[in-house]
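Data block for my_file-v4.csv (CSV, C-alpha atoms and all ligand atoms):
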```
chain,number,residue,atom,x,y,z
O,94,MET,CA,100.2,106.9,110.6
O,95,ASP,CA,103.2,109.2,111.1
O,96,SER,CA,102.5,112.8,112.0
O,97,THR,CA,105.9,114.1,110.6
O,98,LEU,CA,104.9,112.8,107.2
O,99,GLU,CA,101.4,114.2,107.4
O,100,GLU,CA,102.8,117.6,108.0
O,101,LEU,CA,104.8,117.6,104.8
O,102,THR,CA,102.9,117.9,101.5
O,103,ALA,CA,103.8,115.9,98.5
O,104,GLU,CA,104.7,119.1,96.7
O,105,GLN,CA,107.3,119.9,99.4
O,106,TYR,CA,108.5,116.4,99.3
O,107,VAL,CA,109.0,116.3,95.6
O,108,GLU,CA,110.6,119.7,95.6
O,109,ARG,CA,113.1,118.8,98.3
O,110,GLN,CA,113.7,115.4,96.7
O,111,ARG,CA,114.5,117.0,93.4
O,112,GLU,CA,116.9,119.5,94.9
O,113,LEU,CA,118.7,116.9,96.9
O,114,GLU,CA,119.0,114.6,93.9
O,115,ILE,CA,120.4,117.3,91.7
O,116,GLU,CA,122.9,118.2,94.4
O,117,ALA,CA,123.8,114.6,95.0
O,118,ARG,CA,124.2,113.9,91.3
O,119,GLU,CA,126.6,116.8,90.9
O,120,ALA,CA,128.6,115.9,93.9
O,121,TYR,CA,128.6,112.1,93.2
O,122,PRO,CA,128.1,111.5,89.5
O,123,TYR,CA,128.3,107.7,90.0
O,124,LYS,CA,126.5,107.5,93.3
O,125,PHE,CA,128.4,104.3,93.9
O,126,ASP,CA,131.2,105.9,95.7
O,127,GLU,CA,131.5,104.0,98.9
O,128,CYS,CA,132.9,100.5,99.1
O,129,THR,CA,131.7,98.7,102.2
O,130,TYR,CA,135.1,97.1,102.9
O,131,SER,CA,136.0,99.4,105.8
O,132,LYS,CA,132.7,98.6,107.5
O,133,GLY,CA,133.8,95.1,108.0
O,134,TYR,CA,131.4,92.2,107.9
O,135,LEU,CA,127.9,93.1,106.9
O,136,LYS,CA,124.7,91.5,105.6
O,137,GLN,CA,124.7,93.2,102.3
O,138,THR,CA,123.9,92.8,98.6
O,139,LEU,CA,126.8,91.0,96.9
O,140,TYR,CA,127.9,90.3,93.4
O,141,ALA,CA,130.2,87.5,92.4
O,142,CYS,CA,132.6,88.6,89.7
O,143,LEU,CA,133.3,85.6,87.5
O,144,THR,CA,135.8,87.5,85.4
O,145,CYS,CA,138.0,88.2,88.5
O,146,GLN,CA,137.3,84.7,89.8
O,147,ARG,CA,139.0,83.3,86.7
O,148,GLU,CA,141.8,85.9,87.0
O,149,ALA,CA,142.5,85.2,90.7
O,150,ASP,CA,141.6,81.6,90.7
O,151,SER,CA,139.5,82.3,93.8
O,152,LEU,CA,135.8,82.8,94.6
O,153,ASN,CA,134.9,86.4,95.5
O,154,GLY,CA,132.0,88.6,96.4
O,155,VAL,CA,132.0,92.4,95.9
O,156,CYS,CA,129.8,95.1,97.3
O,157,TYR,CA,127.2,97.0,95.3
O,158,SER,CA,129.4,100.1,94.7
O,159,CYS,CA,132.3,97.9,93.6
O,160,SER,CA,130.1,95.9,91.2
O,161,ILE,CA,129.5,99.2,89.4
O,162,SER,CA,132.7,101.2,90.0
O,163,CYS,CA,135.2,98.4,89.7
O,164,HIS,CA,133.6,95.5,87.9
O,165,ALA,CA,131.0,97.0,85.6
O,166,ASP,CA,132.4,95.5,82.4
O,167,HIS,CA,133.0,92.1,84.1
O,168,GLU,CA,130.7,89.1,84.2
O,169,LEU,CA,128.7,89.5,87.4
O,170,VAL,CA,126.2,87.3,89.2
O,171,GLU,CA,123.9,89.0,91.6
O,172,LEU,CA,123.7,87.1,94.8
O,173,PHE,CA,121.2,89.3,96.7
O,174,HIS,CA,121.8,89.4,100.5
O,175,LYS,CA,124.6,87.4,102.2
O,176,ARG,CA,125.2,87.8,105.9
O,177,HIS,CA,128.5,88.5,107.5
O,178,PHE,CA,130.5,89.3,104.4
O,179,GLN,CA,133.3,91.8,103.8
O,180,CYS,CA,133.8,93.1,100.2
O,181,ASP,CA,136.6,91.2,98.4
O,182,CYS,CA,137.4,94.0,95.9
O,183,GLY,CA,141.1,94.8,95.9
O,184,THR,CA,142.1,91.7,97.8
O,185,SER,CA,143.9,88.8,96.3
O,186,ARG,CA,140.5,87.2,95.8
O,187,THR,CA,139.9,89.5,92.9
O,188,GLY,CA,143.3,89.5,91.3
O,189,HIS,CA,146.0,92.1,91.1
O,190,GLU,CA,143.9,95.2,90.8
O,191,SER,CA,143.3,97.7,93.6
O,192,CYS,CA,139.8,98.7,94.4
O,193,THR,CA,139.1,101.8,92.3
O,194,ILE,CA,137.0,103.3,95.1
O,195,ARG,CA,139.4,102.7,98.0
O,196,LYS,CA,142.4,103.0,95.6
O,197,SER,CA,144.3,100.3,97.5
O,198,LYS,CA,144.9,96.7,98.0
O,199,ALA,CA,143.6,95.0,101.1
O,200,GLU,CA,143.8,91.8,103.1
O,201,ARG,CA,141.4,88.9,102.4
O,202,ALA,CA,138.5,88.7,104.9
O,203,PRO,CA,139.1,85.4,106.7
O,204,GLU,CA,135.5,85.0,107.8
O,205,ASN,CA,133.9,85.2,104.4
O,206,GLN,CA,132.1,82.1,103.4
O,207,TYR,CA,131.4,81.0,99.8
O,208,ASN,CA,128.8,78.5,98.6
O,209,HIS,CA,128.1,77.5,95.0
O,210,ASN,CA,126.1,80.7,94.4
O,211,PHE,CA,129.5,82.4,94.1
O,212,GLN,CA,130.1,80.3,91.0
O,213,GLY,CA,126.7,81.3,89.6
O,214,ARG,CA,125.0,78.1,90.7
O,215,PHE,CA,121.9,77.8,92.8
O,216,CYS,CA,119.6,75.4,94.5
O,217,SER,CA,119.9,71.7,95.5
O,218,CYS,CA,119.9,71.0,91.7
O,219,ASP,CA,123.1,73.0,91.4
O,220,THR,CA,122.2,74.7,88.2
O,221,PHE,CA,123.2,78.0,86.7
O,222,TYR,CA,120.6,80.7,87.0
O,223,ASP,CA,119.3,81.9,83.7
O,224,PRO,CA,116.8,84.8,83.9
O,225,GLU,CA,115.7,84.1,80.3
O,226,GLN,CA,114.8,80.5,81.0
O,227,GLU,CA,113.6,80.6,84.6
O,228,SER,CA,109.8,80.7,84.9
O,229,GLY,CA,109.3,79.4,88.5
O,230,THR,CA,109.7,81.1,91.8
O,231,MET,CA,112.8,80.9,93.9
O,232,PHE,CA,113.0,81.1,97.7
O,233,GLN,CA,116.1,81.9,99.8
O,234,CYS,CA,116.8,79.6,102.7
O,235,ILE,CA,117.1,81.8,105.8
O,236,LEU,CA,120.0,79.7,107.1
O,237,CYS,CA,122.3,78.8,104.3
O,238,GLU,CA,121.1,81.7,102.1
O,239,ASP,CA,121.1,79.6,99.0
O,240,TRP,CA,118.2,80.0,96.6
O,241,PHE,CA,115.8,77.1,95.8
O,242,HIS,CA,113.4,76.5,92.9
O,243,ASP,CA,109.8,76.0,94.0
O,244,ARG,CA,109.8,72.7,92.1
O,245,CYS,CA,113.0,71.5,93.9
O,246,LEU,CA,111.6,72.5,97.3
O,247,GLU,CA,108.5,70.5,96.4
O,248,ALA,CA,110.5,67.5,95.5
O,249,SER,CA,112.4,67.7,98.9
O,250,ASN,CA,109.0,68.1,100.6
O,251,GLN,CA,108.2,64.5,99.6
O,252,GLY,CA,106.4,65.7,96.5
O,253,LYS,CA,103.9,67.6,98.6
O,254,PRO,CA,102.9,71.1,97.2
O,255,LEU,CA,104.4,74.0,99.1
O,256,PRO,CA,102.1,75.9,101.5
O,257,ASP,CA,100.4,79.0,100.2
O,258,SER,CA,103.1,81.7,99.8
O,259,GLU,CA,101.1,84.1,101.9
O,260,SER,CA,101.2,81.7,104.9
O,261,PHE,CA,105.0,81.7,105.4
O,262,GLU,CA,107.8,84.3,105.5
O,263,TRP,CA,110.9,82.1,105.5
O,264,VAL,CA,112.1,78.8,104.2
O,265,VAL,CA,114.6,76.5,105.8
O,266,CYS,CA,115.9,74.1,103.2
O,267,LYS,CA,115.9,70.3,103.8
O,268,ASP,CA,119.7,70.2,104.3
O,269,CYS,CA,119.6,73.0,106.9
O,270,VAL,CA,116.7,71.4,108.8
O,271,SER,CA,118.9,68.3,109.1
O,272,LYS,CA,122.1,70.2,109.9
O,273,TYR,CA,120.6,72.6,112.4
O,274,LYS,CA,117.8,70.5,113.8
O,275,ASP,CA,119.1,71.0,117.4
O,276,CYS,CA,118.7,74.7,116.9
O,277,LEU,CA,115.1,74.3,115.8
O,278,LEU,CA,113.5,72.5,118.8
O,279,ASN,CA,110.1,73.7,120.0
O,280,PRO,CA,109.4,74.3,123.7
O,281,GLN,CA,108.5,70.6,124.1
O,282,HIS,CA,112.0,69.8,122.7
O,283,GLU,CA,110.6,68.2,119.6
O,284,PHE,CA,112.3,68.4,116.3
O,285,PRO,CA,110.5,70.5,113.7
O,286,TYR,CA,109.3,67.3,111.9
O,287,LYS,CA,107.8,64.1,113.2
O,288,LYS,CA,110.4,61.5,113.9
O,289,GLU,CA,108.9,58.8,111.7
O,290,GLU,CA,108.9,61.2,108.7
O,291,LEU,CA,111.8,62.0,106.5
O,292,VAL,CA,113.3,65.4,107.0
O,293,VAL,CA,111.4,68.1,105.0
O,294,PRO,CA,112.0,71.8,104.4
O,295,GLN,CA,110.3,74.1,107.0
O,296,PHE,CA,108.1,77.1,106.1
O,297,LEU,CA,108.3,79.6,108.9
O,298,ASP,CA,106.1,82.6,109.8
O,299,GLU,CA,107.4,86.0,110.8
O,300,GLN,CA,107.3,85.1,114.5
O,301,PHE,CA,109.0,81.8,114.2
O,302,ARG,CA,111.8,82.8,116.6
O,303,GLU,CA,109.3,83.1,119.5
O,304,HIS,CA,108.1,79.6,118.8
O,305,LEU,CA,111.5,78.0,119.3
O,306,CYS,CA,112.4,76.8,122.8
O,307,GLN,CA,114.0,79.6,124.8
O,308,CYS,CA,115.6,77.4,127.5
O,309,ASP,CA,119.3,78.1,128.3
O,310,PRO,CA,120.8,75.0,126.6
O,311,CYS,CA,118.7,75.6,123.4
O,312,MET,CA,119.8,79.3,123.3
O,313,GLU,CA,123.4,78.2,123.8
O,314,ILE,CA,123.2,75.8,120.9
O,315,ARG,CA,121.7,78.5,118.7
O,316,LYS,CA,124.3,81.0,119.8
O,317,THR,CA,127.1,78.8,118.7
O,318,GLN,CA,125.6,77.1,115.6
O,319,MET,CA,123.2,79.7,114.1
O,320,PRO,CA,122.9,83.0,116.0
O,321,ILE,CA,120.5,84.4,113.4
O,322,LEU,CA,117.9,82.1,114.9
O,323,ILE,CA,118.1,84.4,117.9
O,324,GLU,CA,118.4,87.7,116.0
O,325,ASP,CA,119.1,88.4,112.4
O,326,GLU,CA,121.8,90.7,111.2
O,327,PRO,CA,120.5,94.1,110.0
O,328,ILE,CA,120.7,94.6,106.2
O,329,TYR,CA,123.2,97.2,105.2
O,330,GLU,CA,121.6,100.1,103.3
O,331,GLN,CA,123.1,101.7,100.3
O,332,PRO,CA,124.9,104.9,101.2
O,333,GLU,CA,123.2,107.3,98.8
O,334,ASP,CA,120.7,108.5,101.4
O,335,SER,CA,123.4,109.6,103.8
O,336,ASP,CA,125.3,111.2,100.9
O,337,MET,CA,122.3,113.2,100.1
O,338,GLU,CA,121.9,114.2,103.8
O,339,ASP,CA,125.5,115.3,103.9
O,340,GLU,CA,124.9,117.4,100.8
O,341,ALA,CA,121.7,118.9,102.0
O,342,ASP,CA,122.0,122.3,103.6
O,343,ALA,CA,120.8,123.1,107.1
O,344,GLY,CA,117.1,123.3,107.8
O,345,VAL,CA,116.2,120.0,106.3
O,346,GLU,CA,115.5,118.4,109.6
O,347,ASP,CA,112.0,117.2,108.5
O,348,MET,CA,113.5,116.0,105.2
O,349,ARG,CA,115.7,113.8,107.3
O,350,SER,CA,112.8,112.3,109.2
O,351,LEU,CA,110.9,111.9,106.0
O,352,ASP,CA,113.9,110.1,104.6
O,353,GLU,CA,113.9,107.8,107.6
O,354,ILE,CA,110.2,107.0,106.9
O,355,VAL,CA,111.0,106.3,103.3
O,356,SER,CA,114.0,104.1,104.2
O,357,SER,CA,111.9,102.2,106.7
O,358,THR,CA,109.4,101.6,103.9
O,359,MET,CA,112.3,100.5,101.7
O,360,GLN,CA,113.3,98.1,104.4
O,361,ASP,CA,109.8,96.5,104.1
O,362,VAL,CA,110.4,96.4,100.3
O,363,LEU,CA,113.6,94.6,100.8
O,364,HIS,CA,111.7,92.1,102.9
O,365,VAL,CA,109.3,91.6,100.1
O,366,LEU,CA,112.1,91.3,97.6
O,367,ASP,CA,113.4,88.4,99.6
O,368,ARG,CA,110.2,86.6,98.7
O,369,LEU,CA,110.1,87.4,95.0
O,370,PRO,CA,110.8,85.0,92.2
O,371,ARG,CA,114.5,85.0,91.6
O,372,VAL,CA,113.8,86.5,88.2
O,373,GLN,CA,112.9,89.7,90.0
O,374,ALA,CA,115.0,89.2,93.0
O,375,ILE,CA,118.2,88.8,91.0
O,376,GLU,CA,117.7,92.4,90.0
O,377,GLY,CA,117.9,93.2,93.7
O,378,VAL,CA,119.2,96.6,94.4
O,379,HIS,CA,118.9,97.7,90.9
O,380,ALA,CA,115.2,97.3,91.1
O,381,TYR,CA,115.2,98.7,94.6
O,382,ASN,CA,116.9,101.9,93.5
O,383,ARG,CA,114.7,102.2,90.4
O,384,LEU,CA,111.7,102.0,92.6
O,385,LYS,CA,113.0,104.6,94.9
O,386,ASN,CA,113.5,107.0,92.0
O,387,GLU,CA,110.0,106.2,90.6
O,388,LEU,CA,108.5,107.2,93.9
O,389,THR,CA,109.1,110.8,93.1
O,390,ASP,CA,107.2,110.5,89.8
O,391,PHE,CA,104.4,108.7,91.7
O,392,LEU,CA,104.1,111.6,94.1
O,393,LEU,CA,103.7,114.3,91.4
O,394,PRO,CA,99.9,114.1,91.1
O,395,PHE,CA,99.7,114.4,94.9
O,396,ALA,CA,101.8,117.5,94.6
O,397,ARG,CA,99.7,119.0,91.9
O,398,GLU,CA,96.6,118.6,94.1
O,399,ASN,CA,98.6,119.7,97.1
O,400,LYS,CA,97.5,116.5,98.8
O,401,VAL,CA,99.3,115.0,101.8
O,402,VAL,CA,101.1,111.8,101.3
O,403,THR,CA,100.8,109.1,103.9
O,404,LYS,CA,103.1,106.2,104.6
O,405,GLU,CA,100.4,103.9,103.3
O,406,ASP,CA,100.5,105.7,99.9
O,407,ILE,CA,104.2,105.1,99.7
O,408,SER,CA,103.9,101.5,100.9
O,409,ASN,CA,101.1,100.7,98.5
O,410,PHE,CA,103.1,102.2,95.7
O,411,PHE,CA,106.0,99.9,96.3
O,412,LEU,CA,104.0,96.8,97.1
O,413,GLU,CA,101.8,97.2,94.0
O,414,ARG,CA,104.8,97.5,91.8
O,415,LEU,CA,106.5,94.5,93.3
O,416,ASN,CA,103.4,92.4,93.2
O,417,SER,CA,102.8,93.3,89.5
O,418,GLY,CA,106.3,91.9,88.8
O,419,LYS,CA,105.5,88.6,90.3
O,420,ASN,CA,105.1,85.5,88.2
O,421,GLY,CA,104.7,81.9,89.0
O,422,GLY,CA,103.9,81.4,92.7
C,1,ZN,ZN,133.5,97.0,97.7
C,2,ZN,ZN,135.7,91.8,88.4
C,3,ZN,ZN,136.1,98.1,94.4
C,4,ZN,ZN,116.6,73.6,91.8
C,5,ZN,ZN,119.5,76.0,103.7
C,6,ZN,ZN,115.1,74.0,125.1
```

Let me see the file written as structure tokens.
Amino acid sequence: MDSTLEELTAEQYVERQRELEIEAREAYPYKFDECTYSKGYLKQTLYACLTCQREADSLNGVCYSCSISCHADHELVELFHKRHFQCDCGTSRTGHESCTIRKSKAERAPENQYNHNFQGRFCSCDTFYDPEQESGTMFQCILCEDWFHDRCLEASNQGKPLPDSESFEWVVCKDCVSKYKDCLLNPQHEFPYKKEELVVPQFLDEQFREHLCQCDPCMEIRKTQMPILIEDEPIYEQPEDSDMEDEADAGVEDMRSLDEIVSSTMQDVLHVLDRLPRVQAIEGVHAYNRLKNELTDFLLPFARENKVVTKEDISNFFLERLNSGKNGG
């Protein structure tokens, strides 16, 4: 329980939130005013622009702001999070146009990597994602970051049903288990599957990194082949919070710390989003931002009764909403 949050009533929170939102909206009518290009390689929400792909004859991924400010009327595929990626907007990967936010052309990011998701295709079955048709759950492989249908994971799991979705946090797809098996050794230096068995996908819990062998050679292999098995990249947060902070006048110190609490809650939400069916997950940051706005409405009854809002209240609100959106697994 956080004492800073307890000291601030819901009424104060809603009031400040409203003021800040009005100010922010006046100052930044589009809210999507910062391309992430200048920040270099980030783990961020990306969109593949199929329109620009055809134009430039190259795969591309653009940041959240660019998807709205520069490619809103283009055919976009939401890719959710991809690691180590620099926005391609305004480079030769998106054609001849400058980025409308940065108002300039830029060099291609040489380290960006593109899988079939950037063509709008997903999973080992290599099919186009259609939110209208898709009824199952999709899981993102923590290593290749592709998305897999539950039924396709099951098929690669030798037909065995997947473990209960509550019992694991992350999936490593069959191909990645095979490709990165030397990074996945346990302290006894055993592969994550029995030798006599065929390779199957792995379902990992939150602490899985601690259960991998920590000896120097193993750490060295991980460092070179798949460093996120040592530590994951932090997820880049959308810039609107900091814009709001900039806009806010002095004396909002506790608003700032409340904001920090809310954004740490939203980090948890992102983590949950990773586990949602692709139908919901594909909405990614749109859903995320919608939820964040709805938080204010949720807090109104608390404000009327002058009740204190706890972090749990906020957490429950988000988790409840996310869970009610779940279908399938
Ligand atoms: Zn961008
Ligand atoms: Zn485009
Ligand atoms: Zn742009
Ligand atoms: Zn599939
Ligand atoms: Zn994979
Ligand atoms: Zn080892």

Write out, as a Markdown table, each residue of range 182-286 of chain O that has an atom at most 8 Å from range 308-315 of chain O, together with the closest pair of atoms and their distance in Å to one decimal, counting only C-alpha atoms, rows going by chain and rising number.
```
| residue | atom | partner | partner_atom | distance |
| --- | --- | --- | --- | --- |
| O:Asp275 | CA | O:Ile314 | CA | 7.2 |
| O:Cys276 | CA | O:Arg315 | CA | 5.2 |
| O:Leu278 | CA | O:Cys311 | CA | 7.6 |
| O:Pro280 | CA | O:Cys308 | CA | 7.9 |
```

Selection export as a PDB file, keeping the file's coordinate frame, atoms kept: C-alpha atoms:
```pdb
ATOM      1  CA  ASP O 275     119.100  71.000 117.400  1.00  0.00           C
ATOM      2  CA  CYS O 276     118.700  74.700 116.900  1.00  0.00           C
ATOM      3  CA  LEU O 278     113.500  72.500 118.800  1.00  0.00           C
ATOM      4  CA  PRO O 280     109.400  74.300 123.700  1.00  0.00           C
TER       5      PRO O 280
END
```

>> Just want the 10 Å neighbourhood of Glu200 in chain O, counted on only C-alpha atoms, with same-chain residues fewer than 6 positions away dropped. Output as a PyMOL selection string.
In response: chain O and resi 181-186

Closest contacts (chain O/ligand ZN 3 (chain C), max 12 Å, only C-alpha atoms and all ligand atoms) as JSON lines:
```
{"residue": "O:Phe125", "atom": "CA", "partner": "C:ZN3", "partner_atom": "ZN", "distance": 9.9}
{"residue": "O:Asp126", "atom": "CA", "partner": "C:ZN3", "partner_atom": "ZN", "distance": 9.3}
{"residue": "O:Glu127", "atom": "CA", "partner": "C:ZN3", "partner_atom": "ZN", "distance": 8.7}
{"residue": "O:Cys128", "atom": "CA", "partner": "C:ZN3", "partner_atom": "ZN", "distance": 6.2}
{"residue": "O:Thr129", "atom": "CA", "partner": "C:ZN3", "partner_atom": "ZN", "distance": 9.0}
{"residue": "O:Tyr130", "atom": "CA", "partner": "C:ZN3", "partner_atom": "ZN", "distance": 8.6}
{"residue": "O:Ser131", "atom": "CA", "partner": "C:ZN3", "partner_atom": "ZN", "distance": 11.5}
{"residue": "O:Leu139", "atom": "CA", "partner": "C:ZN3", "partner_atom": "ZN", "distance": 12.0}
{"residue": "O:Tyr140", "atom": "CA", "partner": "C:ZN3", "partner_atom": "ZN", "distance": 11.4}
{"residue": "O:Cys142", "atom": "CA", "partner": "C:ZN3", "partner_atom": "ZN", "distance": 11.2}
{"residue": "O:Cys145", "atom": "CA", "partner": "C:ZN3", "partner_atom": "ZN", "distance": 11.7}
{"residue": "O:Asn153", "atom": "CA", "partner": "C:ZN3", "partner_atom": "ZN", "distance": 11.8}
{"residue": "O:Gly154", "atom": "CA", "partner": "C:ZN3", "partner_atom": "ZN", "distance": 10.5}
{"residue": "O:Val155", "atom": "CA", "partner": "C:ZN3", "partner_atom": "ZN", "distance": 7.2}
{"residue": "O:Cys156", "atom": "CA", "partner": "C:ZN3", "partner_atom": "ZN", "distance": 7.6}
{"residue": "O:Tyr157", "atom": "CA", "partner": "C:ZN3", "partner_atom": "ZN", "distance": 9.0}
{"residue": "O:Ser158", "atom": "CA", "partner": "C:ZN3", "partner_atom": "ZN", "distance": 7.0}
{"residue": "O:Cys159", "atom": "CA", "partner": "C:ZN3", "partner_atom": "ZN", "distance": 3.9}
{"residue": "O:Ser160", "atom": "CA", "partner": "C:ZN3", "partner_atom": "ZN", "distance": 7.1}
{"residue": "O:Ile161", "atom": "CA", "partner": "C:ZN3", "partner_atom": "ZN", "distance": 8.4}
{"residue": "O:Ser162", "atom": "CA", "partner": "C:ZN3", "partner_atom": "ZN", "distance": 6.4}
{"residue": "O:Cys163", "atom": "CA", "partner": "C:ZN3", "partner_atom": "ZN", "distance": 4.8}
{"residue": "O:His164", "atom": "CA", "partner": "C:ZN3", "partner_atom": "ZN", "distance": 7.4}
{"residue": "O:Ala165", "atom": "CA", "partner": "C:ZN3", "partner_atom": "ZN", "distance": 10.2}
{"residue": "O:Gln179", "atom": "CA", "partner": "C:ZN3", "partner_atom": "ZN", "distance": 11.7}
{"residue": "O:Cys180", "atom": "CA", "partner": "C:ZN3", "partner_atom": "ZN", "distance": 8.0}
{"residue": "O:Asp181", "atom": "CA", "partner": "C:ZN3", "partner_atom": "ZN", "distance": 8.0}
{"residue": "O:Cys182", "atom": "CA", "partner": "C:ZN3", "partner_atom": "ZN", "distance": 4.6}
{"residue": "O:Gly183", "atom": "CA", "partner": "C:ZN3", "partner_atom": "ZN", "distance": 6.2}
{"residue": "O:Thr184", "atom": "CA", "partner": "C:ZN3", "partner_atom": "ZN", "distance": 9.4}
{"residue": "O:Arg186", "atom": "CA", "partner": "C:ZN3", "partner_atom": "ZN", "distance": 11.8}
{"residue": "O:Thr187", "atom": "CA", "partner": "C:ZN3", "partner_atom": "ZN", "distance": 9.5}
{"residue": "O:Gly188", "atom": "CA", "partner": "C:ZN3", "partner_atom": "ZN", "distance": 11.6}
{"residue": "O:Glu190", "atom": "CA", "partner": "C:ZN3", "partner_atom": "ZN", "distance": 9.1}
{"residue": "O:Ser191", "atom": "CA", "partner": "C:ZN3", "partner_atom": "ZN", "distance": 7.3}
{"residue": "O:Cys192", "atom": "CA", "partner": "C:ZN3", "partner_atom": "ZN", "distance": 3.7}
{"residue": "O:Thr193", "atom": "CA", "partner": "C:ZN3", "partner_atom": "ZN", "distance": 5.2}
{"residue": "O:Ile194", "atom": "CA", "partner": "C:ZN3", "partner_atom": "ZN", "distance": 5.3}
{"residue": "O:Arg195", "atom": "CA", "partner": "C:ZN3", "partner_atom": "ZN", "distance": 6.7}
{"residue": "O:Lys196", "atom": "CA", "partner": "C:ZN3", "partner_atom": "ZN", "distance": 8.1}
{"residue": "O:Ser197", "atom": "CA", "partner": "C:ZN3", "partner_atom": "ZN", "distance": 9.0}
{"residue": "O:Lys198", "atom": "CA", "partner": "C:ZN3", "partner_atom": "ZN", "distance": 9.6}
{"residue": "O:Ala199", "atom": "CA", "partner": "C:ZN3", "partner_atom": "ZN", "distance": 10.5}
```

>> Residues contacting ligand ZN 5 (chain C) - anything with an atom at most 7 Å away, using only C-alpha atoms and all ligand atoms - can you give me those as a VMD selection string?
In response: chain O and resid 234 to 239 265 to 269

>> As a quick test: using all atoms listed in the file, which residues lie no more than 9 Å away from ligand ZN 4 (chain C)? Give them as an MDAnalysis selection string.
In response: chainID O and resid 215:220 231 240:246

> Looking at O:Glu405, O:Glu413, O:Glu283, O:Asp257, which one is nearest to ligand ZN 6 (chain C), with distances taken over all atoms listed in the file?
Replying inline: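 Nearest candidate to ligand ZN 6 (chain C) out of O:Glu405, O:Glu413, O:Glu283, O:Asp257: O:Glu283.
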
>> Taking only C-alpha atoms and all ligand atoms into account, name the residue in O:Phe296, O:Phe284, O:Phe178, O:Phe301 that is nearest to ligand ZN 6 (chain C).
In response: O:Phe284

> With only C-alpha atoms and all ligand atoms as the atoms that count, which of O:Ser228, O:Ser258, O:Gln331, O:Gln281 lies nearest to ligand ZN 6 (chain C)?
Replying inline: O:Gln281

> Which one is closest to Gly213 in chain O: O:Leu291, O:Val270, O:Ala141, O:Ala149? Count all atoms listed in the file.
Replying inline: O:Ala141

>> Between CA of Ser151 in chain O and CA of Gln233 in chain O, what is the distance in Å, rounded to a tenth?
In response: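 Straight-line distance from CA of Ser151 in chain O to CA of Gln233 in chain O works out to 24.2 Å.
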
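Comparing the minimum interatomic distances between ligand ZN 2 (chain C) and each of O:Thr317, O:Thr138, O:Ser271, O:Thr144, counting all atoms listed in the file, we find that O:Thr144 sits nearest.
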